[in-house]
$ cat query18.pdb   # PDB, C-alpha atoms, pLDDT in the B column
ATOM      1  CA  MET A 789      28.098   5.346  -4.988  1.00 57.00           C
ATOM      2  CA  PRO A 790      28.448   5.750  -8.751  1.00 64.00           C
ATOM      3  CA  ARG A 791      25.386   6.720 -10.744  1.00 77.00           C
ATOM      4  CA  GLU A 792      26.064   3.986 -13.310  1.00 84.00           C
ATOM      5  CA  VAL A 793      27.138   0.364 -13.091  1.00 83.00           C
ATOM      6  CA  ALA A 794      29.032  -1.365 -15.876  1.00 85.00           C
ATOM      7  CA  PHE A 795      27.535  -4.761 -16.680  1.00 84.00           C
ATOM      8  CA  HIS A 796      29.332  -6.614 -19.492  1.00 90.00           C
ATOM      9  CA  GLY A 797      30.316  -3.319 -21.095  1.00 89.00           C
ATOM     10  CA  VAL A 798      26.841  -1.808 -20.848  1.00 90.00           C
ATOM     11  CA  TYR A 799      26.289   1.058 -18.444  1.00 90.00           C
ATOM     12  CA  LEU A 800      23.127   0.659 -16.397  1.00 88.00           C
ATOM     13  CA  PRO A 801      21.690   3.176 -13.971  1.00 89.00           C
ATOM     14  CA  VAL A 802      21.994   2.282 -10.307  1.00 88.00           C
ATOM     15  CA  LEU A 803      18.198   2.319 -10.105  1.00 89.00           C
ATOM     16  CA  THR A 804      18.134  -0.841 -12.213  1.00 90.00           C
ATOM     17  CA  VAL A 805      20.293  -2.620  -9.662  1.00 89.00           C
ATOM     18  CA  LEU A 806      18.190  -1.197  -6.834  1.00 93.00           C
ATOM     19  CA  LEU A 807      15.055  -2.451  -8.570  1.00 95.00           C
ATOM     20  CA  LEU A 808      16.409  -5.996  -8.603  1.00 94.00           C
ATOM     21  CA  VAL A 809      17.494  -5.761  -4.950  1.00 96.00           C
ATOM     22  CA  ALA A 810      14.092  -4.356  -3.975  1.00 97.00           C
ATOM     23  CA  MET A 811      12.354  -7.179  -5.842  1.00 97.00           C
ATOM     24  CA  ALA A 812      14.406  -9.774  -3.959  1.00 98.00           C
ATOM     25  CA  LEU A 813      13.762  -8.121  -0.586  1.00 97.00           C
ATOM     26  CA  ALA A 814      10.043  -7.729  -1.307  1.00 97.00           C
ATOM     27  CA  TRP A 815       9.818 -11.359  -2.368  1.00 97.00           C
ATOM     28  CA  GLY A 816      11.504 -12.477   0.860  1.00 97.00           C
ATOM     29  CA  LEU A 817       9.231 -10.275   2.959  1.00 96.00           C
ATOM     30  CA  ASP A 818       6.224 -11.563   1.025  1.00 95.00           C
ATOM     31  CA  ARG A 819       7.197 -15.157   1.775  1.00 96.00           C
ATOM     32  CA  LEU A 820       7.654 -14.293   5.460  1.00 95.00           C
ATOM     33  CA  LEU A 821       4.261 -12.590   5.719  1.00 93.00           C
ATOM     34  CA  ALA A 822       2.581 -15.462   3.861  1.00 93.00           C
ATOM     35  CA  SER A 823       4.183 -18.117   6.067  1.00 95.00           C
ATOM     36  CA  LEU A 824       3.043 -16.296   9.200  1.00 94.00           C
ATOM     37  CA  ASP A 825      -0.460 -15.958   7.667  1.00 92.00           C
ATOM     38  CA  LEU A 826      -0.500 -12.208   8.237  1.00 90.00           C
ATOM     39  CA  TYR A 827      -2.179 -11.404   4.917  1.00 88.00           C
ATOM     40  CA  ARG A 828      -5.553 -12.372   6.363  1.00 91.00           C
ATOM     41  CA  TRP A 829      -5.507  -9.176   8.457  1.00 92.00           C
ATOM     42  CA  PHE A 830      -5.302  -6.899   5.402  1.00 89.00           C
ATOM     43  CA  TRP A 831      -8.137  -5.795   3.188  1.00 90.00           C
ATOM     44  CA  HIS A 832      -6.280  -6.176  -0.114  1.00 93.00           C
ATOM     45  CA  PRO A 833      -3.138  -8.366   0.012  1.00 92.00           C
ATOM     46  CA  ALA A 834      -2.058  -7.550  -3.555  1.00 93.00           C
ATOM     47  CA  LEU A 835      -2.140  -3.837  -2.775  1.00 95.00           C
ATOM     48  CA  LEU A 836      -0.058  -4.475   0.334  1.00 93.00           C
ATOM     49  CA  ARG A 837       2.515  -6.400  -1.715  1.00 95.00           C
ATOM     50  CA  LEU A 838       2.773  -3.569  -4.226  1.00 96.00           C
ATOM     51  CA  SER A 839       3.068  -0.892  -1.553  1.00 96.00           C
ATOM     52  CA  LEU A 840       5.736  -2.868   0.312  1.00 96.00           C
ATOM     53  CA  PHE A 841       7.757  -3.115  -2.884  1.00 97.00           C
ATOM     54  CA  PHE A 842       7.530   0.622  -3.544  1.00 97.00           C
ATOM     55  CA  CYS A 843       8.441   1.444   0.054  1.00 97.00           C
ATOM     56  CA  ILE A 844      11.526  -0.787  -0.119  1.00 97.00           C
ATOM     57  CA  PHE A 845      12.516   0.584  -3.529  1.00 97.00           C
ATOM     58  CA  GLY A 846      12.007   4.174  -2.400  1.00 96.00           C
ATOM     59  CA  ALA A 847      14.048   3.660   0.759  1.00 96.00           C
ATOM     60  CA  LEU A 848      16.915   2.145  -1.226  1.00 94.00           C
ATOM     61  CA  ALA A 849      16.799   4.948  -3.803  1.00 92.00           C
ATOM     62  CA  LEU A 850      16.822   7.616  -1.085  1.00 92.00           C
ATOM     63  CA  ALA A 851      19.773   5.942   0.578  1.00 91.00           C
ATOM     64  CA  VAL A 852      21.774   6.020  -2.663  1.00 87.00           C
ATOM     65  CA  TYR A 853      20.790   9.381  -4.125  1.00 82.00           C
ATOM     66  CA  ARG A 854      20.927  11.469  -0.969  1.00 81.00           C
TER
END
$ encode --input "query18.pdb" --output "structure tokens"
Amino acid sequence: MPREVAFHGVYLPVLTVLLLVAMALAWGLDRLLASLDLYRWFWHPALLRLSLFFCIFGALALAVYR
């Protein structure tokens, strides 16, 4: 995969695209966990949301840059 993506003549790093994909996936997973009422089992739901986002983003970045 290329290290840069051209978007309307502006070169953006692939991490920017991965960030947007990770945000969409984390949002979908957040909606799923909220609809199943699984957040009540966790001590700090906001911390879980943040850690899920970073895990998804890290996994995507490792898949691209490895």
$ atom_distance --input "query18.pdb" --atom1 "CA of Ala851 in chain A" --atom2 "CA of Leu806 in chain A"
10.4 Å
$ closest_residue --input "query18.pdb" --among "A:Leu817, A:Leu803, A:Leu824, A:Leu808" --to "Arg837 in chain A" --atoms "all atoms listed in the file"
A:Leu817
$ atom_distance --input "query18.pdb" --atom1 "CA of Trp815 in chain A" --atom2 "CA of Pro801 in chain A"
22.1 Å
$ atom_distance --input "query18.pdb" --atom1 "CA of Ile844 in chain A" --atom2 "CA of Tyr799 in chain A"
23.6 Å
$ closest_residue --input "query18.pdb" --among "A:Ala834, A:Ala822, A:Leu848, A:Cys843" --to "Val809 in chain A" --atoms "all atoms listed in the file"
A:Leu848
$ closest_residue --input "query18.pdb" --among "A:Pro833, A:Leu813, A:Val805, A:Leu821" --to "Val793 in chain A" --atoms "all atoms listed in the file"
A:Val805
$ closest_residue --input "query18.pdb" --among "A:Ala810, A:Ser823, A:Glu792, A:Gly797" --to "Gly846 in chain A" --atoms "all atoms listed in the file"
A:Ala810
$ closest_residue --input "query18.pdb" --among "A:Trp831, A:Arg791, A:Leu840, A:Val852" --to "Ala812 in chain A" --atoms "all atoms listed in the file"
A:Leu840
